[in-house]
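What follows is the content of work_33.cif (mmCIF, C-alpha atoms; chains and numbers go by the auth columns).
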data_protein
#
loop_
_atom_site.group_PDB
_atom_site.id
_atom_site.type_symbol
_atom_site.label_atom_id
_atom_site.label_comp_id
_atom_site.label_asym_id
_atom_site.label_seq_id
_atom_site.Cartn_x
_atom_site.Cartn_y
_atom_site.Cartn_z
_atom_site.B_iso_or_equiv
_atom_site.auth_seq_id
_atom_site.auth_asym_id
ATOM 1 C CA MET A 1 -73.532 329.168 -145.579 0.00 1 A
ATOM 2 C CA SER A 2 -70.517 330.319 -147.513 0.00 2 A
ATOM 3 C CA LYS A 3 -68.966 328.245 -150.243 0.00 3 A
ATOM 4 C CA THR A 4 -65.282 327.475 -149.776 0.00 4 A
ATOM 5 C CA THR A 5 -62.886 327.390 -152.702 0.00 5 A
ATOM 6 C CA PRO A 6 -60.882 324.168 -152.800 0.00 6 A
ATOM 7 C CA ILE A 7 -57.107 324.278 -152.891 0.00 7 A
ATOM 8 C CA ARG A 8 -55.526 322.347 -155.746 0.00 8 A
ATOM 9 C CA ASN A 9 -51.917 321.205 -155.895 0.00 9 A
ATOM 10 C CA ARG A 10 -49.248 319.931 -158.258 0.00 10 A
ATOM 11 C CA ILE A 11 -47.577 317.533 -155.824 0.00 11 A
ATOM 12 C CA ARG A 12 -48.031 314.432 -157.991 0.00 12 A
ATOM 13 C CA ARG A 13 -46.561 316.229 -161.027 0.00 13 A
ATOM 14 C CA LEU A 14 -43.666 317.612 -158.983 0.00 14 A
ATOM 15 C CA ARG A 15 -42.925 314.183 -157.506 0.00 15 A
ATOM 16 C CA PHE A 16 -42.764 312.742 -161.019 0.00 16 A
ATOM 17 C CA ASP A 17 -40.537 315.590 -162.200 0.00 17 A
ATOM 18 C CA HIS A 18 -38.176 314.990 -159.265 0.00 18 A
ATOM 19 C CA ASN A 19 -37.039 311.487 -160.206 0.00 19 A
ATOM 20 C CA GLU A 20 -40.426 309.942 -159.422 0.00 20 A
ATOM 21 C CA MET A 21 -40.102 310.767 -155.724 0.00 21 A
ATOM 22 C CA THR A 22 -42.435 308.682 -153.587 0.00 22 A
ATOM 23 C CA GLN A 23 -45.036 310.052 -151.209 0.00 23 A
ATOM 24 C CA GLN A 24 -42.990 308.515 -148.403 0.00 24 A
ATOM 25 C CA GLU A 25 -39.873 310.425 -149.469 0.00 25 A
ATOM 26 C CA VAL A 26 -41.820 313.692 -149.482 0.00 26 A
ATOM 27 C CA ALA A 27 -43.362 312.839 -146.104 0.00 27 A
ATOM 28 C CA ASP A 28 -39.966 312.059 -144.574 0.00 28 A
ATOM 29 C CA ARG A 29 -38.509 315.356 -145.777 0.00 29 A
ATOM 30 C CA VAL A 30 -41.532 317.346 -144.568 0.00 30 A
ATOM 31 C CA GLY A 31 -41.862 315.523 -141.236 0.00 31 A
ATOM 32 C CA VAL A 32 -45.389 314.158 -141.714 0.00 32 A
ATOM 33 C CA THR A 33 -46.850 310.749 -142.500 0.00 33 A
ATOM 34 C CA ARG A 34 -47.254 309.326 -145.985 0.00 34 A
ATOM 35 C CA GLN A 35 -51.006 309.335 -145.361 0.00 35 A
ATOM 36 C CA THR A 36 -50.867 313.111 -144.841 0.00 36 A
ATOM 37 C CA ILE A 37 -49.112 313.617 -148.186 0.00 37 A
ATOM 38 C CA LEU A 38 -51.611 311.262 -149.828 0.00 38 A
ATOM 39 C CA ALA A 39 -54.567 313.226 -148.422 0.00 39 A
ATOM 40 C CA ILE A 40 -53.082 316.594 -149.435 0.00 40 A
ATOM 41 C CA GLU A 41 -52.201 315.338 -152.915 0.00 41 A
ATOM 42 C CA ALA A 42 -55.723 313.948 -153.376 0.00 42 A
ATOM 43 C CA GLY A 43 -57.256 317.264 -152.307 0.00 43 A
ATOM 44 C CA LYS A 44 -58.938 315.726 -149.263 0.00 44 A
ATOM 45 C CA TYR A 45 -56.956 317.791 -146.771 0.00 45 A
ATOM 46 C CA ASN A 46 -55.588 321.338 -146.872 0.00 46 A
ATOM 47 C CA PRO A 47 -52.131 321.600 -145.352 0.00 47 A
ATOM 48 C CA SER A 48 -51.175 324.104 -142.687 0.00 48 A
ATOM 49 C CA LEU A 49 -49.068 326.995 -143.899 0.00 49 A
ATOM 50 C CA LEU A 50 -45.985 325.420 -142.312 0.00 50 A
ATOM 51 C CA VAL A 51 -46.537 322.084 -144.088 0.00 51 A
ATOM 52 C CA ALA A 52 -47.247 323.859 -147.398 0.00 52 A
ATOM 53 C CA LEU A 53 -43.993 325.816 -147.067 0.00 53 A
ATOM 54 C CA LYS A 54 -42.056 322.631 -146.278 0.00 54 A
ATOM 55 C CA ILE A 55 -43.575 320.798 -149.245 0.00 55 A
ATOM 56 C CA ALA A 56 -42.638 323.665 -151.551 0.00 56 A
ATOM 57 C CA ARG A 57 -39.100 323.623 -150.160 0.00 57 A
ATOM 58 C CA VAL A 58 -38.767 319.889 -150.924 0.00 58 A
ATOM 59 C CA PHE A 59 -39.306 320.714 -154.595 0.00 59 A
ATOM 60 C CA GLY A 60 -37.307 323.958 -154.578 0.00 60 A
ATOM 61 C CA ALA A 61 -40.486 325.802 -155.535 0.00 61 A
ATOM 62 C CA LYS A 62 -42.607 328.680 -154.296 0.00 62 A
ATOM 63 C CA VAL A 63 -45.798 327.796 -152.448 0.00 63 A
ATOM 64 C CA GLU A 64 -47.754 329.354 -155.341 0.00 64 A
ATOM 65 C CA ASP A 65 -46.079 326.914 -157.739 0.00 65 A
ATOM 66 C CA VAL A 66 -47.315 323.956 -155.679 0.00 66 A
ATOM 67 C CA PHE A 67 -50.715 325.134 -154.417 0.00 67 A
ATOM 68 C CA HIS A 68 -53.427 327.307 -155.945 0.00 68 A
ATOM 69 C CA LEU A 69 -57.111 328.033 -155.501 0.00 69 A
ATOM 70 C CA ALA A 70 -59.409 326.051 -157.771 0.00 70 A
ATOM 71 C CA ASP A 71 -61.055 329.223 -159.079 0.00 71 A
ATOM 72 C CA GLU A 72 -57.652 330.381 -160.371 0.00 72 A
ATOM 73 C CA GLU A 73 -57.731 327.515 -162.895 0.00 73 A
ATOM 74 C CA THR A 74 -60.822 329.039 -164.497 0.00 74 A
ATOM 75 C CA GLU A 75 -59.333 332.535 -164.447 0.00 75 A
ATOM 76 C CA SER A 76 -56.081 331.394 -166.065 0.00 76 A
ATOM 77 C CA ARG A 77 -57.984 329.625 -168.856 0.00 77 A
ATOM 78 C CA ASN A 78 -60.365 332.551 -169.434 0.00 78 A
ATOM 79 C CA PRO A 79 -58.411 335.728 -168.670 0.00 79 A
ATOM 80 C CA THR A 80 -60.369 338.942 -168.680 0.00 80 A
ATOM 81 C CA GLU A 81 -58.984 341.996 -170.374 0.00 81 A
#

Transcribe the structure of this file into structure tokens.
Amino acid sequence: MSKTTPIRNRIRRLRFDHNEMTQQEVADRVGVTRQTILAIEAGKYNPSLLVALKIARVFGAKVEDVFHLADEETESRNPTE
């Protein structure tokens, strides 16, 4: 079996930075349920590409600024030369 790399996100931080936007506000703008945003934010569900693009648009950000692979956290803390 292959190991999958989890996708991490900054949705909670971005919501806070955007006037403490609620999960419901994000959900309404994206066209999904609050439960979907909750699951994505908690890392329990990976969004489709379309939903990821819409979430990024809500925050005026690039997808890469909202979502990243968990193994990138390690790489960014321990860059190789």

Might you pull out every residue within 9 Å of range 33-46 of chain A, with all atoms listed in the file counted and same-chain residues fewer than 3 positions away left off, and present them as a PDB file with C-alpha atoms, in the frame of the given file?
ATOM      1  CA  PRO A   6     -60.882 324.168-152.800  1.00  0.00           C
ATOM      2  CA  ILE A   7     -57.107 324.278-152.891  1.00  0.00           C
ATOM      3  CA  ARG A   8     -55.526 322.347-155.746  1.00  0.00           C
ATOM      4  CA  ASN A   9     -51.917 321.205-155.895  1.00  0.00           C
ATOM      5  CA  ARG A  10     -49.248 319.931-158.258  1.00  0.00           C
ATOM      6  CA  ILE A  11     -47.577 317.533-155.824  1.00  0.00           C
ATOM      7  CA  ARG A  12     -48.031 314.432-157.991  1.00  0.00           C
ATOM      8  CA  GLN A  23     -45.036 310.052-151.209  1.00  0.00           C
ATOM      9  CA  GLN A  24     -42.990 308.515-148.403  1.00  0.00           C
ATOM     10  CA  GLU A  25     -39.873 310.425-149.469  1.00  0.00           C
ATOM     11  CA  VAL A  26     -41.820 313.692-149.482  1.00  0.00           C
ATOM     12  CA  ALA A  27     -43.362 312.839-146.104  1.00  0.00           C
ATOM     13  CA  ASP A  28     -39.966 312.059-144.574  1.00  0.00           C
ATOM     14  CA  VAL A  30     -41.532 317.346-144.568  1.00  0.00           C
ATOM     15  CA  ALA A  52     -47.247 323.859-147.398  1.00  0.00           C
TER      16      ALA A  52
END

task = Check what the PyMOL selection byres ((chain A and resi 56) around 12) selects in the file above and give those residues as a PyMOL selection string.
result = chain A and resi 9-11+14-15+26+29-30+47+49-55+57-67

Centre and edge lengths, as JSON, for the axis-aligned box enclosing every listed atom of range 56-64 of chain A with 5 Å of padding on each of the six sides, in Å to one decimal?
{"center_x": -42.5, "center_y": 324.6, "center_z": -152.8, "size_x": 20.4, "size_y": 19.5, "size_z": 15.4}
